[in-house]
>>> print(open('structure.txt').read())   # compact mmCIF, C-alpha atoms
# COMPACT_ATOMS: atom_id res chain seq x y z
CA MET S 983 13.93 117.16 -10.68
CA ASN S 984 10.22 117.84 -10.25
CA GLU S 985 7.74 115.49 -8.53
CA ALA S 986 6.33 114.15 -11.79
CA SER S 987 9.80 113.17 -13.01
CA ILE S 988 10.63 111.43 -9.73
CA ILE S 989 7.40 109.40 -9.90
CA GLN S 990 8.08 108.47 -13.53
CA ASN S 991 11.59 107.29 -12.69
CA ILE S 992 10.20 105.06 -9.95
CA VAL S 993 7.63 103.62 -12.36
CA ASN S 994 10.27 103.06 -15.05
CA THR S 995 12.62 101.27 -12.65
CA SER S 996 9.82 99.04 -11.37
CA ALA S 997 8.84 98.08 -14.89
CA LYS S 998 12.43 97.26 -15.88
CA ASP S 999 13.33 95.06 -12.91
CA GLY S 1000 9.98 93.26 -12.81
CA SER S 1001 8.76 94.73 -9.54
CA PHE S 1002 5.95 96.46 -11.40
CA TYR S 1003 4.33 93.04 -11.76
CA LYS S 1004 5.31 91.80 -8.29
CA GLN S 1005 3.31 94.66 -6.78
CA ARG S 1006 0.09 93.34 -8.35
CA GLU S 1007 -1.34 90.82 -5.90
CA HIS S 1008 -4.71 91.03 -7.65
CA LEU S 1009 -5.73 91.49 -11.27
CA SER S 1010 -5.19 94.88 -12.91
CA MET S 1011 -6.36 96.15 -16.28
CA VAL S 1012 -5.59 99.05 -18.59
CA VAL S 1013 -7.58 99.90 -21.73
CA LEU S 1014 -5.03 100.72 -24.42
CA GLY S 1015 -7.67 101.85 -26.93
CA SER S 1016 -11.38 101.30 -27.46
CA GLY S 1017 -13.47 102.12 -30.50
CA SER S 1018 -13.88 101.50 -34.22
CA ARG S 1019 -10.26 102.52 -34.94
CA GLY S 1020 -8.74 99.81 -32.76
CA ASN S 1021 -9.19 97.89 -29.51
CA SER S 1022 -6.81 96.34 -27.01
CA TYR S 1023 -6.93 95.55 -23.26
CA TYR S 1024 -4.01 94.52 -21.03
CA ILE S 1025 -4.77 92.40 -17.93
CA TRP S 1026 -2.17 91.15 -15.44
CA ASN S 1027 -1.20 90.14 -11.93
CA GLN S 1028 2.17 89.52 -10.27
CA ASP S 1029 3.28 86.71 -12.58
CA THR S 1030 1.00 86.51 -15.62
CA ALA S 1031 -0.18 88.98 -18.27
CA ILE S 1032 -2.63 88.67 -21.15
CA LEU S 1033 -3.88 90.90 -23.93
CA VAL S 1034 -7.47 90.94 -25.19
CA ASP S 1035 -7.55 91.99 -28.87
CA CYS S 1036 -4.85 93.39 -31.15
CA GLY S 1037 -6.72 96.07 -33.08
CA LEU S 1038 -4.13 98.77 -32.46
CA SER S 1039 -0.79 98.71 -34.22
CA THR S 1040 2.05 96.97 -32.41
CA LYS S 1041 3.78 100.34 -32.12
CA GLN S 1042 0.73 101.84 -30.41
CA ILE S 1043 0.23 98.85 -28.10
CA LEU S 1044 3.80 99.13 -26.80
CA LEU S 1045 3.73 102.94 -26.73
CA ARG S 1046 0.52 103.07 -24.71
CA LEU S 1047 1.81 100.46 -22.28
CA GLU S 1048 4.85 102.68 -21.86
CA GLN S 1049 2.62 105.69 -21.24
CA VAL S 1050 1.10 103.97 -18.19
CA GLY S 1051 4.52 102.93 -16.89
CA ILE S 1052 5.00 99.46 -18.40
CA LEU S 1053 8.23 99.79 -20.37
CA TYR S 1054 9.08 96.10 -20.67
CA PRO S 1055 5.72 94.36 -20.98
CA LYS S 1056 5.27 90.62 -20.79
CA ILE S 1057 2.43 89.05 -22.74
CA ASP S 1058 1.84 85.38 -21.98
CA ALA S 1059 -1.26 85.01 -24.19
CA VAL S 1060 -3.51 87.02 -26.48
CA PHE S 1061 -7.28 86.47 -26.70
CA ILE S 1062 -9.11 87.63 -29.83
CA THR S 1063 -12.84 88.41 -29.67
CA HIS S 1064 -13.56 88.25 -33.44
CA GLU S 1065 -12.09 88.77 -36.89
CA HIS S 1066 -12.86 92.44 -37.59
CA THR S 1067 -9.67 94.37 -38.22
CA ASP S 1068 -10.18 96.77 -35.31
CA HIS S 1069 -9.65 93.71 -33.09
CA VAL S 1070 -7.22 91.49 -35.01
CA SER S 1071 -5.11 93.64 -37.34
CA SER S 1072 -1.72 93.50 -35.59
CA CYS S 1073 -1.64 89.90 -34.33
CA ALA S 1074 1.04 88.68 -36.75
CA ILE S 1075 3.26 91.74 -36.31
CA LEU S 1076 2.94 91.71 -32.53
CA GLU S 1077 3.89 88.02 -32.46
CA LYS S 1078 7.07 88.74 -34.45
CA ARG S 1079 7.97 91.67 -32.21
CA LEU S 1080 7.45 89.64 -29.03
CA HIS S 1081 9.53 86.75 -30.45
CA ARG S 1082 12.43 89.17 -30.86
CA LEU S 1083 12.01 89.99 -27.16
CA GLY S 1084 12.14 86.32 -26.21
CA GLN S 1085 8.39 85.91 -25.66
CA LYS S 1086 6.23 83.29 -27.36
CA PRO S 1087 2.59 83.99 -26.50
CA THR S 1088 -0.28 81.79 -27.62
CA PHE S 1089 -3.03 83.54 -29.58
CA TYR S 1090 -6.50 82.22 -28.68
CA MET S 1091 -9.49 82.66 -30.98
CA SER S 1092 -12.63 80.78 -31.97
CA PRO S 1093 -12.60 78.45 -34.98
CA GLY S 1094 -14.93 80.88 -36.77
CA THR S 1095 -12.60 83.81 -36.12
CA PHE S 1096 -9.62 81.78 -37.34
CA CYS S 1097 -11.38 80.94 -40.60
CA ALA S 1098 -12.75 84.45 -41.20
CA ALA S 1099 -9.78 86.63 -40.17
CA PRO S 1100 -7.61 88.17 -42.90
CA GLU S 1101 -4.73 85.80 -43.61
CA LYS S 1102 -2.11 88.54 -43.28
CA CYS S 1103 -3.26 89.28 -39.72
CA LEU S 1104 -3.00 85.73 -38.40
CA PRO S 1105 -0.08 84.78 -36.13
CA LYS S 1106 1.55 81.35 -36.23
CA ASN S 1107 1.00 80.18 -32.66
CA ILE S 1108 -2.79 79.83 -32.55
CA SER S 1109 -4.95 77.80 -30.19
CA LEU S 1110 -8.69 77.49 -30.71
CA ILE S 1111 -11.16 78.33 -27.95
CA ARG S 1112 -14.94 78.03 -27.89
CA ASP S 1113 -17.96 79.26 -25.96
CA SER S 1114 -17.87 78.18 -22.29
CA GLN S 1115 -14.30 76.89 -22.55
CA THR S 1116 -11.68 77.92 -20.00
CA VAL S 1117 -7.90 77.91 -20.28
CA GLU S 1118 -5.19 78.48 -17.68
CA VAL S 1119 -2.49 80.98 -18.56
CA GLY S 1120 0.00 80.99 -15.71
CA SER S 1121 -2.00 81.85 -12.60
CA ILE S 1122 -4.91 83.40 -14.53
CA VAL S 1123 -7.97 81.45 -15.69
CA VAL S 1124 -9.62 82.82 -18.83
CA GLU S 1125 -13.17 81.90 -19.81
CA ALA S 1126 -14.72 82.52 -23.22
CA PHE S 1127 -18.43 83.12 -23.76
CA GLU S 1128 -20.49 83.76 -26.87
CA VAL S 1129 -21.72 87.25 -27.76
CA PRO S 1130 -24.13 88.11 -30.62
CA HIS S 1131 -22.25 90.14 -33.24
CA ASP S 1132 -21.92 90.08 -37.02
CA GLY S 1133 -18.56 88.39 -37.01
CA THR S 1134 -18.11 84.62 -37.12
CA GLU S 1135 -18.31 82.90 -33.71
CA CYS S 1136 -17.63 86.02 -31.62
CA LEU S 1137 -16.53 85.79 -28.01
CA GLY S 1138 -16.31 87.85 -24.85
CA TYR S 1139 -13.77 87.00 -22.16
CA ARG S 1140 -13.40 87.14 -18.41
CA ALA S 1141 -10.11 86.56 -16.60
CA GLY S 1142 -10.14 85.17 -13.09
CA TYR S 1143 -7.63 85.20 -10.24
CA ASN S 1144 -7.87 85.24 -6.46
CA ASP S 1145 -11.71 85.23 -6.45
CA HIS S 1146 -11.95 88.21 -8.81
CA TRP S 1147 -13.03 88.43 -12.45
CA VAL S 1148 -11.95 91.08 -14.97
CA GLY S 1149 -13.93 91.11 -18.21
CA VAL S 1150 -14.22 92.60 -21.69
CA ILE S 1151 -17.73 92.62 -23.18
CA THR S 1152 -17.93 94.71 -26.36
CA ASP S 1153 -19.15 94.29 -29.95
CA LEU S 1154 -22.56 92.79 -29.35
CA GLY S 1155 -25.98 93.81 -30.56
CA ASP S 1156 -28.02 92.11 -27.85
CA VAL S 1157 -27.50 91.11 -24.23
CA THR S 1158 -28.18 87.43 -23.61
CA ASP S 1159 -28.88 85.82 -20.27
CA GLU S 1160 -25.41 84.31 -20.38
CA VAL S 1161 -23.85 87.75 -20.79
CA ILE S 1162 -25.86 89.08 -17.84
CA ASP S 1163 -24.67 86.16 -15.72
CA LYS S 1164 -21.04 86.94 -16.57
CA MET S 1165 -21.53 90.65 -15.88
CA ARG S 1166 -22.78 89.88 -12.38
CA THR S 1167 -19.48 88.24 -11.48
CA MET S 1168 -17.18 91.07 -12.56
CA THR S 1169 -14.90 93.10 -10.30
CA THR S 1170 -13.57 95.13 -13.24
CA MET S 1171 -15.55 95.28 -16.48
CA ALA S 1172 -15.23 96.97 -19.85
CA PHE S 1173 -18.74 97.10 -21.30
CA GLU S 1174 -20.01 98.54 -24.56
CA PHE S 1175 -22.06 101.75 -24.72
CA ASN S 1176 -21.76 102.19 -28.48
CA HIS S 1177 -24.34 104.65 -29.79
CA ASP S 1178 -27.26 106.94 -29.12
CA VAL S 1179 -30.09 105.81 -31.41
CA ASP S 1180 -31.28 109.32 -32.29
CA MET S 1181 -27.76 110.46 -33.12
CA LEU S 1182 -27.26 107.39 -35.29
CA LEU S 1183 -30.54 107.78 -37.20
CA ASN S 1184 -29.95 111.49 -37.77
CA GLY S 1185 -26.27 111.19 -38.54
CA SER S 1186 -24.21 110.71 -41.68
CA TYR S 1187 -24.17 106.90 -41.84
CA PRO S 1188 -26.08 105.39 -44.81
CA PRO S 1189 -29.23 103.38 -43.98
CA SER S 1190 -27.47 100.06 -44.59
CA VAL S 1191 -24.84 100.84 -41.95
CA GLN S 1192 -27.48 102.13 -39.54
CA ASP S 1193 -29.41 98.88 -39.96
CA ARG S 1194 -26.27 96.83 -39.30
CA ILE S 1195 -25.51 98.71 -36.09
CA LEU S 1196 -29.12 98.52 -34.84
CA ASP S 1197 -29.46 94.81 -35.62
CA TRP S 1198 -29.37 92.20 -32.84
CA SER S 1199 -25.91 91.27 -34.14
CA GLY S 1200 -24.67 94.86 -34.32
CA HIS S 1201 -23.72 97.12 -31.42
CA LEU S 1202 -25.39 98.06 -28.14
CA SER S 1203 -27.20 101.37 -27.87
CA ASN S 1204 -26.88 103.44 -24.71
CA ASP S 1205 -30.37 102.38 -23.65
CA GLN S 1206 -29.63 98.70 -24.16
CA ALA S 1207 -26.37 98.96 -22.26
CA ALA S 1208 -27.95 100.89 -19.38
CA ASP S 1209 -30.73 98.31 -19.12
CA ALA S 1210 -28.18 95.46 -19.04
CA LEU S 1211 -26.15 97.27 -16.40
CA GLU S 1212 -29.25 97.77 -14.26
CA ARG S 1213 -30.03 94.04 -14.48
CA SER S 1214 -26.49 92.96 -13.64
CA VAL S 1215 -24.82 95.45 -11.31
CA SER S 1216 -23.67 93.76 -8.13
CA PRO S 1217 -21.70 94.59 -4.97
CA ARG S 1218 -18.72 92.80 -6.54
CA LEU S 1219 -18.24 95.55 -9.13
CA GLN S 1220 -15.39 97.95 -8.36
CA ASN S 1221 -14.37 99.33 -11.78
CA LEU S 1222 -16.74 99.99 -14.69
CA ILE S 1223 -15.23 101.08 -18.01
CA LEU S 1224 -17.68 102.31 -20.65
CA ALA S 1225 -16.17 101.09 -23.90
CA HIS S 1226 -16.36 101.07 -27.72
CA ILE S 1227 -18.13 104.45 -27.78
CA SER S 1228 -18.90 105.72 -31.28
CA GLU S 1229 -17.07 108.94 -32.12
CA GLN S 1230 -19.82 109.93 -34.59
CA ASN S 1231 -22.97 108.68 -32.93
CA ASN S 1232 -22.46 109.13 -29.21
CA CYS S 1233 -21.33 111.56 -26.55
CA PRO S 1234 -19.01 110.56 -23.66
CA LYS S 1235 -20.80 112.90 -21.23
CA LEU S 1236 -24.17 111.35 -22.09
CA VAL S 1237 -22.80 107.83 -21.65
CA GLN S 1238 -21.27 108.69 -18.30
CA LYS S 1239 -24.49 110.31 -17.08
CA MET S 1240 -26.59 107.28 -18.05
CA ALA S 1241 -24.26 104.81 -16.35
CA LEU S 1242 -24.03 106.98 -13.23
CA THR S 1243 -27.84 107.11 -13.03
CA VAL S 1244 -27.98 103.31 -13.04
CA LEU S 1245 -25.31 103.08 -10.34
CA GLU S 1246 -27.12 105.68 -8.21
CA ARG S 1247 -30.40 103.76 -8.44
CA ALA S 1248 -28.56 100.63 -7.34
CA GLY S 1249 -26.89 102.49 -4.48
CA HIS S 1250 -23.45 101.75 -5.95
CA ASN S 1251 -22.35 105.17 -7.22
CA ASP S 1252 -19.92 105.64 -4.31
CA LEU S 1253 -18.58 102.09 -4.61
CA VAL S 1254 -17.74 101.91 -8.32
CA ASN S 1255 -14.92 103.67 -10.14
CA LEU S 1256 -16.56 104.82 -13.40
CA HIS S 1257 -14.45 105.60 -16.46
CA VAL S 1258 -15.16 106.38 -20.12
CA ALA S 1259 -12.61 104.65 -22.38
CA GLU S 1260 -11.02 106.63 -25.19
CA GLN S 1261 -9.88 105.72 -28.68
CA HIS S 1262 -6.58 107.58 -28.87
CA ARG S 1263 -5.00 107.24 -25.43
CA PRO S 1264 -4.81 104.63 -22.67
CA SER S 1265 -6.93 104.59 -19.57
CA PRO S 1266 -5.59 104.72 -16.02
CA ILE S 1267 -4.65 101.40 -14.46
CA PHE S 1268 -7.65 99.77 -12.78
CA GLY S 1269 -6.75 97.73 -9.73
CA ILE S 1270 -8.69 95.92 -7.03
CA ASN S 1271 -8.89 97.55 -3.64
CA LYS S 1272 -10.82 95.11 -1.50
CA ALA S 1273 -11.87 91.51 -1.17
CA PRO S 1274 -14.78 90.38 -3.37
CA VAL S 1275 -18.26 90.63 -1.93
CA ASP S 1276 -19.65 87.12 -2.15
CA LEU S 1277 -23.36 87.85 -2.35
CA LEU S 1278 -24.06 85.88 -5.50
CA PRO S 1279 -25.14 82.30 -6.04
CA THR S 1280 -22.05 80.13 -6.41
CA ALA S 1281 -23.17 79.09 -9.90
CA LEU S 1282 -22.69 82.66 -11.14
CA ILE S 1283 -19.13 83.03 -9.85
>>> encode(input="structure.txt", output="structure tokens")
Amino acid sequence: MNEASIIQNIVNTSAKDGSFYKQREHLSMVVLGSGSRGNSYYIWNQDTAILVDCGLSTKQILLRLEQVGILYPKIDAVFITHEHTDHVSSCAILEKRLHRLGQKPTFYMSPGTFCAAPEKCLPKNISLIRDSQTVEVGSIVVEAFEVPHDGTECLGYRAGYNDHWVGVITDLGDVTDEVIDKMRTMTTMAFEFNHDVDMLLNGSYPPSVQDRILDWSGHLSNDQAADALERSVSPRLQNLILAHISEQNNCPKLVQKMALTVLERAGHNDLVNLHVAEQHRPSPIFGINKAPVDLLPTALI
């Protein structure tokens, strides 16, 4: 048996007997898929696990968890950012699948998302959550905050445990002061770098779609995202995932270069693990390697 097979067997055994979760004293996150074809993020510690968004099929969610070594995933709650199908499409099917496995997660979404989401996508066990509201799921605290997007009452989320915050901030056309404040607290953050403006304007999208993307309620351009990162990067940040990158109107190498330039100017390039999320395969597992650096005003943490 080669080394890769031995490592995989160890991972599989840990996932089956639950020790995979027991090893996680801090929050971990894996991006299962990010982009216009489907989004989902898995966040967990030693006793609690949540999912942010169900835009991938249930089959792909479970397959991609398996690909990173989680063969028997637990999902205690699911948090939905907004009603667009690349974020909500598999909620009902995932709920049924998890029920067959003996799990009964609560699906959290805003009242606007609940009213606007396609009926066939909605699960049965729904709890409403609003801007600035927090809920406790096991040992993890999850906070919702408003983001400007062309859905109905769209939310970003950050999950907190053991003085660390892990967050998902995508699908927004502008960066508010509240969003900047949340970004400053993050240890691990998935943040949108959606499009290059020149590529968008000179691409194949019709003017109406271009206008929607460029609107304050659309998606962040690379320049907007880089500016927000420069305003918010802090010594707390350990993992930065560049997310929801357009396959038609952006370039992963360009996005990575722009983010790295910001981190270099801030003197953080050697401190932050930088990753470009992909649409069709999961990311590595992002863990936390050191205690949080408490250099921020308490009000921002």
>>> residues_around(input="structure.txt", residues="Val1124 in chain S", least_positions_apart="4", cutoff="8 Å", atoms="all atoms listed in the file", output="number ranges by chain")
S: 1116-1119, 1139-1142
>>> residues_around(input="structure.txt", residues="range 1194-1206 of chain S", least_positions_apart="5", cutoff="6 Å", atoms="only C-alpha atoms", output="PyMOL selection string")
chain S and resi 1130-1132+1153-1156+1175-1178
>>> atom_distance(input="structure.txt", atom1="CA of Glu1212 in chain S", atom2="CA of Val1157 in chain S")
12.1 Å
>>> residues_around(input="structure.txt", residues="Val1060 in chain S", least_positions_apart="5", cutoff="7 Å", atoms="all atoms listed in the file", output="PyMOL selection string")
chain S and resi 1032-1035+1087-1090
>>> write_last_selection(input="structure.txt", atoms="C-alpha atoms", output="JSON list (two decimals), in the coordinates of the input")
[["chain", "number", "residue", "atom", "x", "y", "z"],
["S", 1032, "ILE", "CA", -2.63, 88.67, -21.15],
["S", 1033, "LEU", "CA", -3.88, 90.90, -23.93],
["S", 1034, "VAL", "CA", -7.47, 90.94, -25.19],
["S", 1035, "ASP", "CA", -7.55, 91.99, -28.87],
["S", 1087, "PRO", "CA", 2.59, 83.99, -26.50],
["S", 1088, "THR", "CA", -0.28, 81.79, -27.62],
["S", 1089, "PHE", "CA", -3.03, 83.54, -29.58],
["S", 1090, "TYR", "CA", -6.50, 82.22, -28.68]]
>>> residues_around(input="structure.txt", residues="range 1218-1232 of chain S", least_positions_apart="6", cutoff="8 Å", atoms="only C-alpha atoms", output="MDAnalysis selection string")
chainID S and resid 1016:1018 1152:1153 1166:1179 1181:1182 1185 1238 1253:1260 1268 1270 1274:1277
>>> residues_around(input="structure.txt", residues="Cys1073 in chain S", least_positions_apart="5", cutoff="8 Å", atoms="only C-alpha atoms", output="list in words")
Cys1036, Cys1103, Leu1104 and Pro1105 of chain S
>>> atom_distance(input="structure.txt", atom1="CA of Trp1026 in chain S", atom2="CA of Val1148 in chain S")
9.8 Å
>>> residues_near_point(input="structure.txt", point="(-6.4, 91.1, -8.8)", cutoff="12 Å", atoms="only C-alpha atoms", output="JSON, numbers by chain")
{"S": [1003, 1004, 1005, 1006, 1007, 1008, 1009, 1010, 1011, 1025, 1026, 1027, 1028, 1029, 1030, 1031, 1121, 1122, 1123, 1141, 1142, 1143, 1144, 1145, 1146, 1147, 1148, 1168, 1169, 1170, 1220, 1221, 1267, 1268, 1269, 1270, 1271, 1272, 1273, 1274]}
>>> closest_residue(input="structure.txt", among="S:His1064, S:Arg1247, S:Arg1213, S:Arg1079", to="Ile1151 in chain S", atoms="all atoms listed in the file")
S:His1064
>>> atom_distance(input="structure.txt", atom1="CA of Ser1092 in chain S", atom2="CA of Gln1042 in chain S")
25.0 Å
>>> axis_aligned_box(input="structure.txt", around="range 1107-1112 of chain S", padding_each_side="6 Å", output="lines of an AutoDock Vina configuration file")
center_x = -7.0
center_y = 78.8
center_z = -30.3
size_x = 27.9
size_y = 14.7
size_z = 16.8
>>> closest_residue(input="structure.txt", among="S:Glu1048, S:Asp1252, S:Glu1065, S:Asp1058", to="Pro1100 in chain S", atoms="only C-alpha atoms")
S:Glu1065
>>> closest_residue(input="structure.txt", among="S:Ile1111, S:Val1070, S:Ile1052, S:Ile1062", to="Arg1019 in chain S", atoms="all atoms listed in the file")
S:Val1070
>>> closest_residue(input="structure.txt", among="S:Cys1097, S:Cys1233, S:Cys1136, S:Met1165", to="Gly1149 in chain S", atoms="all atoms listed in the file")
S:Met1165
>>> closest_residue(input="structure.txt", among="S:Leu1047, S:Leu1014, S:Leu1038, S:Ile1108", to="Lys1086 in chain S", atoms="only C-alpha atoms")
S:Ile1108
